[in-house]
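Undergrad: Hey, dropping protein36.cif in here, mmCIF, C-alpha atoms:
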data_entry
#
loop_
_atom_site.label_atom_id
_atom_site.label_comp_id
_atom_site.auth_asym_id
_atom_site.auth_seq_id
_atom_site.Cartn_x
_atom_site.Cartn_y
_atom_site.Cartn_z
CA MET A 2 -15.10 1.76 -15.12
CA THR A 3 -15.29 1.73 -11.38
CA ARG A 4 -12.91 4.34 -9.95
CA ARG A 5 -12.25 6.88 -8.37
CA LEU A 6 -13.45 9.96 -6.58
CA LEU A 7 -12.70 10.39 -2.92
CA THR A 8 -15.21 12.37 -0.91
CA PRO A 9 -13.98 12.30 2.67
CA VAL A 10 -16.58 13.04 5.30
CA VAL A 11 -15.53 15.66 7.82
CA LEU A 12 -18.07 15.45 10.58
CA GLY A 13 -19.09 18.22 12.91
CA ALA A 14 -18.67 18.17 16.64
CA ALA A 15 -22.40 17.69 17.18
CA SER A 16 -22.44 14.35 15.34
CA VAL A 17 -19.38 13.18 17.22
CA PHE A 18 -20.88 13.93 20.61
CA ALA A 19 -24.15 12.33 19.55
CA LEU A 20 -22.36 9.12 18.62
CA ALA A 21 -20.28 9.22 21.79
CA GLY A 22 -23.52 8.98 23.75
CA CYS A 23 -24.59 5.75 22.03
CA ALA A 24 -23.70 2.59 23.89
CA GLY A 25 -21.08 0.59 22.00
CA GLY A 26 -21.05 3.11 19.17
CA ALA A 27 -17.58 4.51 19.84
CA PRO A 28 -14.32 3.30 21.27
CA ALA A 29 -13.81 3.75 24.97
CA SER A 30 -11.94 6.83 26.05
CA THR A 31 -8.28 6.07 26.39
CA GLY A 32 -7.22 9.09 28.36
CA SER A 33 -3.96 10.92 27.80
CA GLY A 34 -1.39 9.34 25.54
CA GLY A 35 -3.93 7.12 23.79
CA ALA A 36 -3.23 4.17 26.08
CA THR A 37 -5.77 1.61 27.26
CA GLY A 38 -4.30 0.24 30.44
CA ASP A 39 -0.75 -0.75 29.56
CA LYS A 40 -1.45 -0.79 25.82
CA VAL A 41 -0.78 1.91 23.26
CA ALA A 42 -3.82 2.61 21.08
CA VAL A 43 -2.58 2.45 17.47
CA VAL A 44 -4.83 3.49 14.59
CA ALA A 45 -3.82 2.41 11.08
CA SER A 46 -5.41 3.51 7.82
CA THR A 47 -5.54 -0.07 6.49
CA ASP A 48 -5.18 -3.55 7.91
CA VAL A 49 -1.85 -3.83 6.09
CA TYR A 50 -0.33 -1.29 8.46
CA GLY A 51 -2.43 -2.66 11.30
CA SER A 52 -0.77 -6.04 10.83
CA ILE A 53 2.68 -4.47 10.87
CA ALA A 54 1.80 -2.56 14.06
CA GLU A 55 0.61 -5.77 15.71
CA ALA A 56 3.86 -7.52 14.77
CA ILE A 57 5.97 -4.75 16.32
CA GLY A 58 3.74 -3.90 19.28
CA GLY A 59 2.82 -7.44 20.28
CA ASP A 60 0.85 -7.64 23.52
CA PHE A 61 1.47 -3.99 24.34
CA VAL A 62 -0.62 -2.36 21.62
CA ASP A 63 -4.31 -2.19 20.83
CA VAL A 64 -4.57 -1.80 17.04
CA THR A 65 -7.57 -0.51 15.12
CA SER A 66 -7.51 -0.47 11.31
CA VAL A 67 -9.94 1.82 9.50
CA ILE A 68 -9.94 -0.22 6.28
CA THR A 69 -10.37 -3.92 7.04
CA SER A 70 -12.09 -5.37 3.98
CA SER A 71 -11.29 -5.82 0.32
CA SER A 72 -14.67 -4.23 -0.43
CA GLN A 73 -13.47 -0.94 1.11
CA ASP A 74 -11.43 1.14 -1.31
CA PRO A 75 -8.98 3.47 0.48
CA HIS A 76 -9.17 5.87 -2.47
CA GLU A 77 -12.93 6.25 -2.10
CA TYR A 78 -13.47 5.57 1.60
CA GLU A 79 -15.92 7.87 3.38
CA ALA A 80 -14.93 8.27 7.01
CA SER A 81 -17.52 7.95 9.77
CA ALA A 82 -18.09 9.60 13.13
CA GLN A 83 -16.78 6.46 14.80
CA ASP A 84 -13.58 6.68 12.75
CA GLN A 85 -13.18 10.25 13.95
CA LEU A 86 -13.56 9.22 17.58
CA THR A 87 -11.08 6.39 17.06
CA LEU A 88 -8.52 8.88 15.77
CA LYS A 89 -9.25 11.23 18.66
CA ASN A 90 -8.34 8.50 21.16
CA ALA A 91 -5.24 7.29 19.32
CA GLY A 92 -1.81 7.19 20.88
CA LEU A 93 -0.13 6.61 17.51
CA VAL A 94 -1.42 6.90 13.94
CA ILE A 95 -0.07 5.12 10.84
CA GLU A 96 -1.04 6.21 7.34
CA ASN A 97 0.26 5.39 3.89
CA GLY A 98 0.30 8.98 2.62
CA GLY A 99 1.14 10.10 -0.89
CA GLY A 100 -2.56 10.56 -1.67
CA TYR A 101 -3.45 6.90 -1.19
CA ASP A 102 -5.49 7.27 2.02
CA SER A 103 -6.37 10.95 1.99
CA PHE A 104 -9.33 10.30 4.28
CA MET A 105 -6.80 10.01 7.10
CA GLU A 106 -5.76 13.64 6.67
CA SER A 107 -9.37 14.72 7.05
CA LEU A 108 -9.80 12.49 10.10
CA ILE A 109 -6.61 13.72 11.74
CA ASP A 110 -7.66 17.33 11.26
CA ALA A 111 -11.27 16.83 12.32
CA SER A 112 -10.48 14.68 15.38
CA GLY A 113 -7.98 17.12 16.85
CA THR A 114 -5.72 14.21 17.79
CA THR A 115 -2.28 15.09 19.11
CA ALA A 116 -0.94 11.58 18.49
CA PRO A 117 2.26 11.28 16.43
CA VAL A 118 1.58 10.28 12.83
CA ILE A 119 3.83 7.87 10.93
CA THR A 120 3.57 8.27 7.13
CA ALA A 121 4.83 5.23 5.25
CA VAL A 122 5.68 6.93 1.95
CA GLU A 123 8.31 9.03 3.73
CA PHE A 124 10.42 5.89 4.14
CA ASN A 125 10.46 5.18 0.41
CA HIS A 126 13.55 5.99 -1.66
CA ASP A 127 11.48 7.61 -4.40
CA TYR A 128 9.55 9.96 -2.15
CA PRO A 129 10.75 13.55 -2.69
CA GLY A 130 12.51 14.87 0.38
CA ALA A 131 12.63 11.50 2.10
CA GLU A 132 15.62 10.93 4.36
CA SER A 133 18.23 8.44 3.22
CA HIS A 134 17.58 4.85 4.14
CA ASP A 135 20.03 2.47 5.66
CA GLU A 136 23.30 2.82 3.77
CA ALA A 137 23.17 -0.91 3.12
CA HIS A 138 20.33 -0.24 0.70
CA ALA A 139 21.83 2.85 -0.90
CA ASP A 140 22.87 1.06 -4.07
CA GLU A 141 19.49 -0.64 -4.40
CA ALA A 142 17.34 2.49 -4.51
CA SER A 143 14.68 2.77 -7.16
CA PRO A 144 14.94 5.41 -9.88
CA ALA A 145 13.78 8.92 -9.07
CA PRO A 146 10.09 9.48 -9.81
CA ASP A 147 10.61 11.39 -13.03
CA GLU A 148 12.90 8.63 -14.32
CA SER A 149 10.93 5.54 -13.29
CA ALA A 150 9.86 3.28 -16.12
CA ASP A 151 6.52 2.64 -14.47
CA ALA A 152 5.95 6.22 -13.42
CA HIS A 153 2.64 7.91 -14.02
CA ALA A 154 3.16 10.55 -16.65
CA GLU A 155 0.35 12.75 -15.37
CA GLY A 156 0.38 12.44 -11.60
CA ASP A 157 -0.43 9.26 -9.68
CA GLY A 158 -3.73 8.70 -11.37
CA HIS A 159 -6.30 9.34 -8.62
CA ASP A 160 -9.03 11.91 -8.91
CA HIS A 161 -9.80 13.81 -5.74
CA THR A 162 -11.96 16.68 -4.71
CA GLU A 163 -10.38 20.06 -4.25
CA GLY A 164 -8.97 20.66 -0.81
CA ASP A 165 -8.67 17.00 0.09
CA GLY A 166 -5.34 17.73 1.77
CA HIS A 167 -3.06 15.83 -0.61
CA ASP A 168 -1.23 16.92 -3.70
CA HIS A 169 -0.18 13.88 -5.68
CA ILE A 170 3.40 13.63 -6.82
CA GLU A 171 4.16 13.20 -10.46
CA GLY A 172 5.71 9.83 -11.16
CA PHE A 173 5.49 8.54 -7.60
CA ASN A 174 3.97 5.10 -6.96
CA GLU A 175 2.30 5.38 -3.56
CA HIS A 176 1.74 1.62 -3.04
CA VAL A 177 4.84 1.46 -0.85
CA TRP A 178 3.80 -1.49 1.31
CA TYR A 179 4.90 -3.67 -1.60
CA ASP A 180 8.46 -2.35 -1.20
CA PRO A 181 10.41 -4.48 1.33
CA HIS A 182 12.92 -1.70 2.08
CA THR A 183 10.19 0.79 2.90
CA VAL A 184 8.45 -1.62 5.25
CA GLU A 185 11.72 -2.52 6.94
CA ASP A 186 12.47 1.12 7.74
CA LEU A 187 8.86 1.74 8.74
CA ALA A 188 9.04 -1.12 11.24
CA LYS A 189 12.17 0.29 12.87
CA ASP A 190 10.61 3.74 13.17
CA LEU A 191 7.41 2.25 14.57
CA ALA A 192 9.40 0.48 17.29
CA GLU A 193 11.07 3.78 18.23
CA HIS A 194 7.75 5.61 18.47
CA LEU A 195 6.17 2.85 20.54
CA GLY A 196 9.21 2.83 22.82
CA GLU A 197 8.74 6.54 23.47
CA LEU A 198 5.04 6.07 24.23
CA ALA A 199 5.55 2.99 26.44
CA PRO A 200 9.16 3.12 27.72
CA ASP A 201 8.71 0.09 29.97
CA HIS A 202 8.27 -2.06 26.86
CA ALA A 203 10.82 -0.38 24.59
CA ALA A 204 13.07 -3.45 24.62
CA ASP A 205 10.12 -5.62 23.56
CA PHE A 206 9.32 -3.35 20.63
CA THR A 207 12.94 -3.35 19.51
CA ALA A 208 13.14 -7.14 19.72
CA ASN A 209 9.90 -7.50 17.78
CA ALA A 210 11.13 -5.10 15.11
CA ASP A 211 14.41 -7.02 14.80
CA ALA A 212 12.50 -10.27 14.33
CA PHE A 213 10.20 -8.61 11.80
CA VAL A 214 13.15 -7.23 9.82
CA GLU A 215 14.62 -10.74 9.72
CA ARG A 216 11.37 -11.94 8.15
CA ILE A 217 11.58 -9.11 5.61
CA ALA A 218 15.08 -10.38 4.80
CA GLY A 219 13.48 -13.77 4.18
CA LEU A 220 11.11 -12.16 1.69
CA GLU A 221 14.05 -10.50 -0.02
CA ASP A 222 15.82 -13.86 -0.23
CA SER A 223 12.76 -15.30 -1.99
CA LEU A 224 12.71 -12.34 -4.38
CA GLY A 225 16.42 -12.89 -4.99
CA GLN A 226 15.71 -16.48 -6.01
CA ILE A 227 13.26 -15.23 -8.62
CA GLU A 228 15.83 -12.75 -9.90
CA ALA A 229 18.47 -15.49 -10.11
CA THR A 230 16.33 -17.57 -12.46
CA ASP A 231 14.07 -15.06 -14.22
CA ALA A 232 15.75 -11.64 -14.21
CA GLY A 233 14.34 -9.44 -16.95
CA ALA A 234 11.19 -11.50 -17.46
CA LYS A 235 8.39 -9.27 -18.73
CA VAL A 236 5.32 -8.78 -16.56
CA PHE A 237 2.03 -7.06 -17.37
CA VAL A 238 0.26 -5.31 -14.47
CA THR A 239 -3.22 -3.86 -14.76
CA GLU A 240 -2.37 -1.32 -12.04
CA PRO A 241 0.89 -0.13 -10.43
CA VAL A 242 0.04 -1.81 -7.10
CA PRO A 243 2.68 -4.63 -7.30
CA VAL A 244 5.40 -2.77 -9.19
CA TYR A 245 7.77 -2.37 -6.23
CA LEU A 246 7.69 -6.11 -5.64
CA ILE A 247 8.34 -7.07 -9.25
CA ASP A 248 11.17 -4.53 -9.38
CA ALA A 249 12.68 -6.16 -6.28
CA ALA A 250 12.47 -9.51 -8.09
CA GLY A 251 14.45 -8.13 -11.02
CA LEU A 252 11.50 -8.38 -13.39
CA ASP A 253 10.51 -5.94 -16.14
CA ASN A 254 7.19 -4.10 -15.98
CA ALA A 255 6.31 -4.09 -19.69
CA THR A 256 2.83 -2.58 -19.28
CA PRO A 257 2.12 0.48 -21.43
CA ASN A 258 2.11 3.37 -18.96
CA GLU A 259 -1.17 4.76 -20.22
CA PHE A 260 -2.95 1.46 -19.63
CA SER A 261 -2.14 1.21 -15.92
CA GLU A 262 -2.61 4.97 -15.45
CA SER A 263 -6.08 4.87 -16.98
CA VAL A 264 -7.14 1.91 -14.86
CA GLU A 265 -5.74 3.62 -11.77
CA GLU A 266 -7.76 6.74 -12.56
CA GLY A 267 -10.93 4.82 -13.30
CA GLN A 268 -10.91 6.12 -16.85
CA ASP A 269 -11.36 4.32 -20.12
CA VAL A 270 -8.14 2.99 -21.61
CA PRO A 271 -7.50 4.78 -24.92
CA PRO A 272 -8.26 2.44 -27.85
CA ALA A 273 -4.71 2.73 -29.23
CA THR A 274 -3.27 1.78 -25.81
CA LEU A 275 -5.65 -1.14 -25.48
CA LEU A 276 -4.61 -2.37 -28.93
CA GLU A 277 -0.94 -1.99 -27.98
CA SER A 278 -1.56 -4.02 -24.82
CA LEU A 279 -3.36 -6.80 -26.66
CA GLN A 280 -0.57 -6.97 -29.26
CA LEU A 281 1.97 -7.18 -26.45
CA LEU A 282 0.10 -10.13 -24.96
CA ASP A 283 -0.04 -11.75 -28.39
CA SER A 284 3.71 -11.31 -28.89
CA GLY A 285 4.64 -14.11 -26.52
CA GLU A 286 6.95 -11.82 -24.54
CA ILE A 287 4.80 -11.56 -21.42
CA ARG A 288 5.51 -14.26 -18.83
CA VAL A 289 2.86 -13.38 -16.25
CA MET A 290 -0.02 -10.95 -15.71
CA ILE A 291 -0.81 -9.47 -12.29
CA VAL A 292 -4.28 -8.06 -11.70
CA ASN A 293 -5.82 -6.17 -8.80
CA PRO A 294 -9.19 -7.87 -8.15
CA GLN A 295 -10.40 -4.88 -6.13
CA THR A 296 -10.61 -2.62 -9.18
CA GLY A 297 -11.12 -2.98 -12.86
CA GLY A 298 -13.42 -2.56 -15.83
CA ALA A 299 -14.08 -3.74 -19.34
CA GLU A 300 -10.52 -3.20 -20.55
CA THR A 301 -8.93 -5.08 -17.65
CA THR A 302 -11.32 -7.96 -18.27
CA GLN A 303 -10.41 -7.92 -21.95
CA VAL A 304 -6.66 -8.10 -21.38
CA GLU A 305 -7.09 -10.73 -18.67
CA ASP A 306 -9.17 -12.87 -21.02
CA GLU A 307 -6.56 -12.42 -23.74
CA ALA A 308 -3.78 -13.47 -21.36
CA LYS A 309 -5.65 -16.62 -20.40
CA ALA A 310 -6.33 -17.38 -24.06
CA LYS A 311 -2.58 -17.17 -24.69
CA ASN A 312 -1.84 -19.40 -21.65
CA ILE A 313 -0.18 -16.54 -19.80
CA PRO A 314 -0.52 -17.15 -16.05
CA VAL A 315 -2.76 -14.56 -14.33
CA ILE A 316 -2.31 -13.95 -10.60
CA GLU A 317 -3.97 -11.52 -8.19
CA PHE A 318 -2.28 -9.04 -5.87
CA THR A 319 -4.65 -7.13 -3.61
CA GLU A 320 -4.33 -3.76 -1.87
CA THR A 321 -5.57 -4.96 1.52
CA LEU A 322 -4.75 -7.93 3.71
CA PRO A 323 -6.56 -11.18 2.86
CA GLU A 324 -8.47 -12.70 5.74
CA GLY A 325 -6.34 -14.81 8.08
CA GLN A 326 -3.01 -13.48 6.78
CA THR A 327 -0.30 -11.42 8.43
CA TYR A 328 1.75 -8.94 6.44
CA ILE A 329 4.67 -11.38 6.19
CA SER A 330 2.59 -14.43 5.26
CA TRP A 331 0.69 -12.37 2.67
CA MET A 332 3.83 -11.05 1.00
CA GLN A 333 5.37 -14.53 1.00
CA SER A 334 2.21 -15.86 -0.63
CA ASN A 335 2.44 -13.18 -3.31
CA ILE A 336 6.10 -13.98 -3.95
CA THR A 337 5.40 -17.71 -4.10
CA ALA A 338 2.52 -17.15 -6.54
CA LEU A 339 4.82 -15.04 -8.72
CA ALA A 340 7.58 -17.69 -8.67
CA ASP A 341 5.09 -20.44 -9.49
CA ALA A 342 3.61 -18.43 -12.38
CA LEU A 343 7.03 -17.81 -13.86
CA ALA A 344 7.84 -21.50 -13.58
#
As structure tokens, how would this structure be written, given the file I've shared?

TA:
Amino acid sequence: MTRRLLTPVVLGAASVFALAGCAGGAPASTGSGGATGDKVAVVASTDVYGSIAEAIGGDFVDVTSVITSSSQDPHEYEASAQDQLTLKNAGLVIENGGGYDSFMESLIDASGTTAPVITAVEFNHDYPGAESHDEAHADEASPAPDESADAHAEGDGHDHTEGDGHDHIEGFNEHVWYDPHTVEDLAKDLAEHLGELAPDHAADFTANADAFVERIAGLEDSLGQIEATDAGAKVFVTEPVPVYLIDAAGLDNATPNEFSESVEEGQDVPPATLLESLQLLDSGEIRVMIVNPQTGGAETTQVEDEAKAKNIPVIEFTETLPEGQTYISWMQSNITALADALA
């Protein structure tokens, strides 16, 4: 199995200053407020949030994403001196939180940045202590973490070193960028923060956020079409990454909890759970399998092979943004692939 132990690198001041002296080795100093010229310097933990920041900030932000490749695992990412300097010069920071990108906590602390930090999980209905979302979504909230059908029974499934700055929350699925409501509220908050940092462009940020929210509504319409034709269809996921999206489509995550938890942890799937999963695939009840190509092991390969042998469509949902995609185009592609597989 391939996953997961995060060992964030907290670099000393000497290494930072050494790198700062290397030509081209560090971002240019942005001065107070993290602004380069008229642009707000935004640092995002992954290119998913970088894409959202670009959509809201438009021409008035300069966005740097720490994770920009599918080969970089946010759970295991080791931060560099350049990352630390990037955070130091930020005007605004966006992280996922919930233990997903714990390296950001180490970077924020080590860099000494005073930039405001937006934490995406805090906009999710399931996140303990999160403020209420728009009342329009009040009736559509997901179950509380300890009641969720796809909840992790023993934490969220990531192994971390002691003192990594994050305590995982039992039953909470931290992959919140797959939840349209979370991203909608995140976009609105991002526009407000950018408006405070660059008041001259506040109206632009608000207009961009409004347009972005309309596109999110388009995604929700597409999910509604799936629900209208396939509500209750059973889906098997090798990891909890896409669960928010399949919930929004009215589908049923039928995966044995211990299977997805084990894969998430990078541990071997218990033999009894593997057998249960294979029997489920043999039952004819599963309509589609969703795999995360960025992680896996022998057991995920075995269930994927079994699904294909039973003519169950297998589609891939990644954790990071595919090359050439925006957040909206990527999510629409995922939704379209799901609809096509069900058809």

Undergrad: For Ser278 in chain A, work out the shell of residues within 10 Å, counting all atoms listed in the file and skipping chain neighbours fewer than 3 positions away, then give it as a list in words.

TA: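 In the requested form, the answer reads Phe237, Ala255, Thr256, Pro257, Glu259, Phe260, Pro272, Ala273, Thr274, Leu275, Leu281, Leu282, Asp283, Ser284, Glu300, Val304 and Glu307 of chain A.
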
Undergrad: Given the file above and the PyMOL selection byres ((chain A and resi 314) around 8), which residues are selected, and can you give them as a ChimeraX atom specification?

TA: /A:288-290,308-309,312-313,315-316,342-343

Undergrad: Smallest atom-to-atom distance to Pro181 in chain A: which of A:Ile109, A:Ala82, A:Ile217, A:Val292, using all atoms listed in the file?

TA: A:Ile217

Undergrad: What lies within 8 Å of Ala234 in chain A using all atoms listed in the file, ignoring chain neighbours under 3 positions off, as a count of residues only?

TA: 6

Undergrad: Near Asn254 in chain A, within 9 Å and counting all atoms listed in the file, which residues show up once chain neighbours fewer than 3 positions away are dropped, as a list in words?

TA: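 The residues satisfying every condition are Ala150, Asp151, Gly233, Ala234, Lys235, Val236, Phe237, Val238, Val244, Ile247, Asp248 and Pro257 of chain A.
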
Undergrad: Tell me which residues the PyMOL selection byres ((chain A and resi 317) around 12) grabs here, as a PDB file with C-alpha atoms, in the frame of the given file.

TA:
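Resulting contents of result.pdb:
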ATOM      1  CA  PHE A 237       2.030  -7.060 -17.370  1.00  0.00           C
ATOM      2  CA  VAL A 238       0.260  -5.310 -14.470  1.00  0.00           C
ATOM      3  CA  THR A 239      -3.220  -3.860 -14.760  1.00  0.00           C
ATOM      4  CA  GLU A 240      -2.370  -1.320 -12.040  1.00  0.00           C
ATOM      5  CA  VAL A 242       0.040  -1.810  -7.100  1.00  0.00           C
ATOM      6  CA  PRO A 243       2.680  -4.630  -7.300  1.00  0.00           C
ATOM      7  CA  VAL A 289       2.860 -13.380 -16.250  1.00  0.00           C
ATOM      8  CA  MET A 290      -0.020 -10.950 -15.710  1.00  0.00           C
ATOM      9  CA  ILE A 291      -0.810  -9.470 -12.290  1.00  0.00           C
ATOM     10  CA  VAL A 292      -4.280  -8.060 -11.700  1.00  0.00           C
ATOM     11  CA  ASN A 293      -5.820  -6.170  -8.800  1.00  0.00           C
ATOM     12  CA  PRO A 294      -9.190  -7.870  -8.150  1.00  0.00           C
ATOM     13  CA  GLN A 295     -10.400  -4.880  -6.130  1.00  0.00           C
ATOM     14  CA  THR A 296     -10.610  -2.620  -9.180  1.00  0.00           C
ATOM     15  CA  GLU A 305      -7.090 -10.730 -18.670  1.00  0.00           C
ATOM     16  CA  PRO A 314      -0.520 -17.150 -16.050  1.00  0.00           C
ATOM     17  CA  VAL A 315      -2.760 -14.560 -14.330  1.00  0.00           C
ATOM     18  CA  ILE A 316      -2.310 -13.950 -10.600  1.00  0.00           C
ATOM     19  CA  PHE A 318      -2.280  -9.040  -5.870  1.00  0.00           C
ATOM     20  CA  THR A 319      -4.650  -7.130  -3.610  1.00  0.00           C
ATOM     21  CA  GLU A 320      -4.330  -3.760  -1.870  1.00  0.00           C
ATOM     22  CA  THR A 321      -5.570  -4.960   1.520  1.00  0.00           C
ATOM     23  CA  PRO A 323      -6.560 -11.180   2.860  1.00  0.00           C
ATOM     24  CA  TRP A 331       0.690 -12.370   2.670  1.00  0.00           C
ATOM     25  CA  SER A 334       2.210 -15.860  -0.630  1.00  0.00           C
ATOM     26  CA  ASN A 335       2.440 -13.180  -3.310  1.00  0.00           C
ATOM     27  CA  ILE A 336       6.100 -13.980  -3.950  1.00  0.00           C
ATOM     28  CA  THR A 337       5.400 -17.710  -4.100  1.00  0.00           C
ATOM     29  CA  ALA A 338       2.520 -17.150  -6.540  1.00  0.00           C
ATOM     30  CA  LEU A 339       4.820 -15.040  -8.720  1.00  0.00           C
ATOM     31  CA  ALA A 342       3.610 -18.430 -12.380  1.00  0.00           C
TER      32      ALA A 342
END

Undergrad: Apply the PyMOL selection byres ((chain A and resi 65) around 12) to the structure shown and report the selected residues as a ChimeraX atom specification.

TA: /A:28,41-55,62-64,66-69,83-84,86-88,90-95

Undergrad: Please produce a file of those selected residues containing C-alpha atoms, as an mmCIF file, keeping the file's coordinate frame.

TA:
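Printed below is selection-v4.cif as written:
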data_model
loop_
_atom_site.group_PDB
_atom_site.id
_atom_site.type_symbol
_atom_site.label_atom_id
_atom_site.label_comp_id
_atom_site.auth_asym_id
_atom_site.auth_seq_id
_atom_site.Cartn_x
_atom_site.Cartn_y
_atom_site.Cartn_z
ATOM 1 C CA PRO A 28 -14.320 3.300 21.270
ATOM 2 C CA VAL A 41 -0.780 1.910 23.260
ATOM 3 C CA ALA A 42 -3.820 2.610 21.080
ATOM 4 C CA VAL A 43 -2.580 2.450 17.470
ATOM 5 C CA VAL A 44 -4.830 3.490 14.590
ATOM 6 C CA ALA A 45 -3.820 2.410 11.080
ATOM 7 C CA SER A 46 -5.410 3.510 7.820
ATOM 8 C CA THR A 47 -5.540 -0.070 6.490
ATOM 9 C CA ASP A 48 -5.180 -3.550 7.910
ATOM 10 C CA VAL A 49 -1.850 -3.830 6.090
ATOM 11 C CA TYR A 50 -0.330 -1.290 8.460
ATOM 12 C CA GLY A 51 -2.430 -2.660 11.300
ATOM 13 C CA SER A 52 -0.770 -6.040 10.830
ATOM 14 C CA ILE A 53 2.680 -4.470 10.870
ATOM 15 C CA ALA A 54 1.800 -2.560 14.060
ATOM 16 C CA GLU A 55 0.610 -5.770 15.710
ATOM 17 C CA VAL A 62 -0.620 -2.360 21.620
ATOM 18 C CA ASP A 63 -4.310 -2.190 20.830
ATOM 19 C CA VAL A 64 -4.570 -1.800 17.040
ATOM 20 C CA SER A 66 -7.510 -0.470 11.310
ATOM 21 C CA VAL A 67 -9.940 1.820 9.500
ATOM 22 C CA ILE A 68 -9.940 -0.220 6.280
ATOM 23 C CA THR A 69 -10.370 -3.920 7.040
ATOM 24 C CA GLN A 83 -16.780 6.460 14.800
ATOM 25 C CA ASP A 84 -13.580 6.680 12.750
ATOM 26 C CA LEU A 86 -13.560 9.220 17.580
ATOM 27 C CA THR A 87 -11.080 6.390 17.060
ATOM 28 C CA LEU A 88 -8.520 8.880 15.770
ATOM 29 C CA ASN A 90 -8.340 8.500 21.160
ATOM 30 C CA ALA A 91 -5.240 7.290 19.320
ATOM 31 C CA GLY A 92 -1.810 7.190 20.880
ATOM 32 C CA LEU A 93 -0.130 6.610 17.510
ATOM 33 C CA VAL A 94 -1.420 6.900 13.940
ATOM 34 C CA ILE A 95 -0.070 5.120 10.840
#

Undergrad: Could you check the closest approach to Asn174 in chain A for each of A:Asp201, A:Glu215, A:Glu265, A:Asp110 and tell me which residue wins, using all atoms listed in the file?

TA: A:Glu265

Undergrad: Please compute the CA of Val118 in chain A-CA of Lys89 in chain A distance, one decimal, in Å.

TA: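 Rounded to one decimal, the two atoms are 12.3 Å apart.
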
Undergrad: What is the CA of Ser72 in chain A to CA of Gln326 in chain A distance in Å?

TA: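 Answer for the CA of Ser72 in chain A to CA of Gln326 in chain A separation: 16.5 Å.
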
Undergrad: Go through A:Gly172, A:Leu279, A:Thr230, A:Ser103 and flag the residue nearest Asn258 in chain A, using only C-alpha atoms for the distances.

TA: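 So, comparing all the options, the nearest one is A:Gly172.
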
Undergrad: Could you please determine the separation between CA of Ser263 in chain A and CA of Pro75 in chain A in Å, to one decimal place?

TA: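 Atom-to-atom, CA of Ser263 in chain A and CA of Pro75 in chain A are spaced 17.8 Å apart.
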
Undergrad: Do a neighbour search on Asp211 in chain A at 10 Å with only C-alpha atoms, toss out local chain neighbours closer than 2 positions, and write the hits as number ranges by chain.

TA: A: 57, 185, 188-189, 192, 205-209, 213-217

Undergrad: Measuring atom to atom with all atoms listed in the file, identify which of A:Ala121, A:Ala299, A:Leu276, A:Ala210 is nearest to Gly196 in chain A.

TA: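 Answer, going by the shortest atom-to-atom distance: A:Ala210.
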
Undergrad: My list of candidates is A:Gln333, A:Trp178, A:Asp186, A:Gln303. Which is closest to Ser223 in chain A when distances are computed with all atoms listed in the file?

TA: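 Selected residue with least distance to Ser223 in chain A: A:Gln333.
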
Undergrad: Any chance you could model N, CA and C atoms for range 302-312 of chain A and send them as an mmCIF file, in the coordinates of the input?

TA:
data_model
loop_
_atom_site.group_PDB
_atom_site.id
_atom_site.type_symbol
_atom_site.label_atom_id
_atom_site.label_comp_id
_atom_site.auth_asym_id
_atom_site.auth_seq_id
_atom_site.Cartn_x
_atom_site.Cartn_y
_atom_site.Cartn_z
ATOM 1 N N THR A 302 -10.757 -6.644 -17.969
ATOM 2 C CA THR A 302 -11.320 -7.960 -18.270
ATOM 3 C C THR A 302 -10.869 -8.452 -19.639
ATOM 4 N N GLN A 303 -10.806 -7.539 -20.593
ATOM 5 C CA GLN A 303 -10.410 -7.920 -21.950
ATOM 6 C C GLN A 303 -8.969 -8.389 -21.996
ATOM 7 N N VAL A 304 -8.060 -7.665 -21.340
ATOM 8 C CA VAL A 304 -6.660 -8.100 -21.380
ATOM 9 C C VAL A 304 -6.447 -9.364 -20.558
ATOM 10 N N GLU A 305 -7.206 -9.503 -19.468
ATOM 11 C CA GLU A 305 -7.090 -10.730 -18.670
ATOM 12 C C GLU A 305 -7.566 -11.929 -19.474
ATOM 13 N N ASP A 306 -8.671 -11.782 -20.177
ATOM 14 C CA ASP A 306 -9.170 -12.870 -21.020
ATOM 15 C C ASP A 306 -8.172 -13.218 -22.122
ATOM 16 N N GLU A 307 -7.552 -12.182 -22.687
ATOM 17 C CA GLU A 307 -6.560 -12.420 -23.740
ATOM 18 C C GLU A 307 -5.349 -13.171 -23.197
ATOM 19 N N ALA A 308 -4.917 -12.783 -21.982
ATOM 20 C CA ALA A 308 -3.780 -13.470 -21.360
ATOM 21 C C ALA A 308 -4.094 -14.946 -21.149
ATOM 22 N N LYS A 309 -5.268 -15.230 -20.648
ATOM 23 C CA LYS A 309 -5.650 -16.620 -20.400
ATOM 24 C C LYS A 309 -5.739 -17.402 -21.716
ATOM 25 N N ALA A 310 -6.240 -16.727 -22.755
ATOM 26 C CA ALA A 310 -6.330 -17.380 -24.060
ATOM 27 C C ALA A 310 -4.956 -17.722 -24.619
ATOM 28 N N LYS A 311 -3.951 -16.943 -24.240
ATOM 29 C CA LYS A 311 -2.580 -17.170 -24.690
ATOM 30 C C LYS A 311 -1.781 -18.002 -23.685
ATOM 31 N N ASN A 312 -2.479 -18.568 -22.690
ATOM 32 C CA ASN A 312 -1.840 -19.400 -21.650
ATOM 33 C C ASN A 312 -0.803 -18.632 -20.850
#
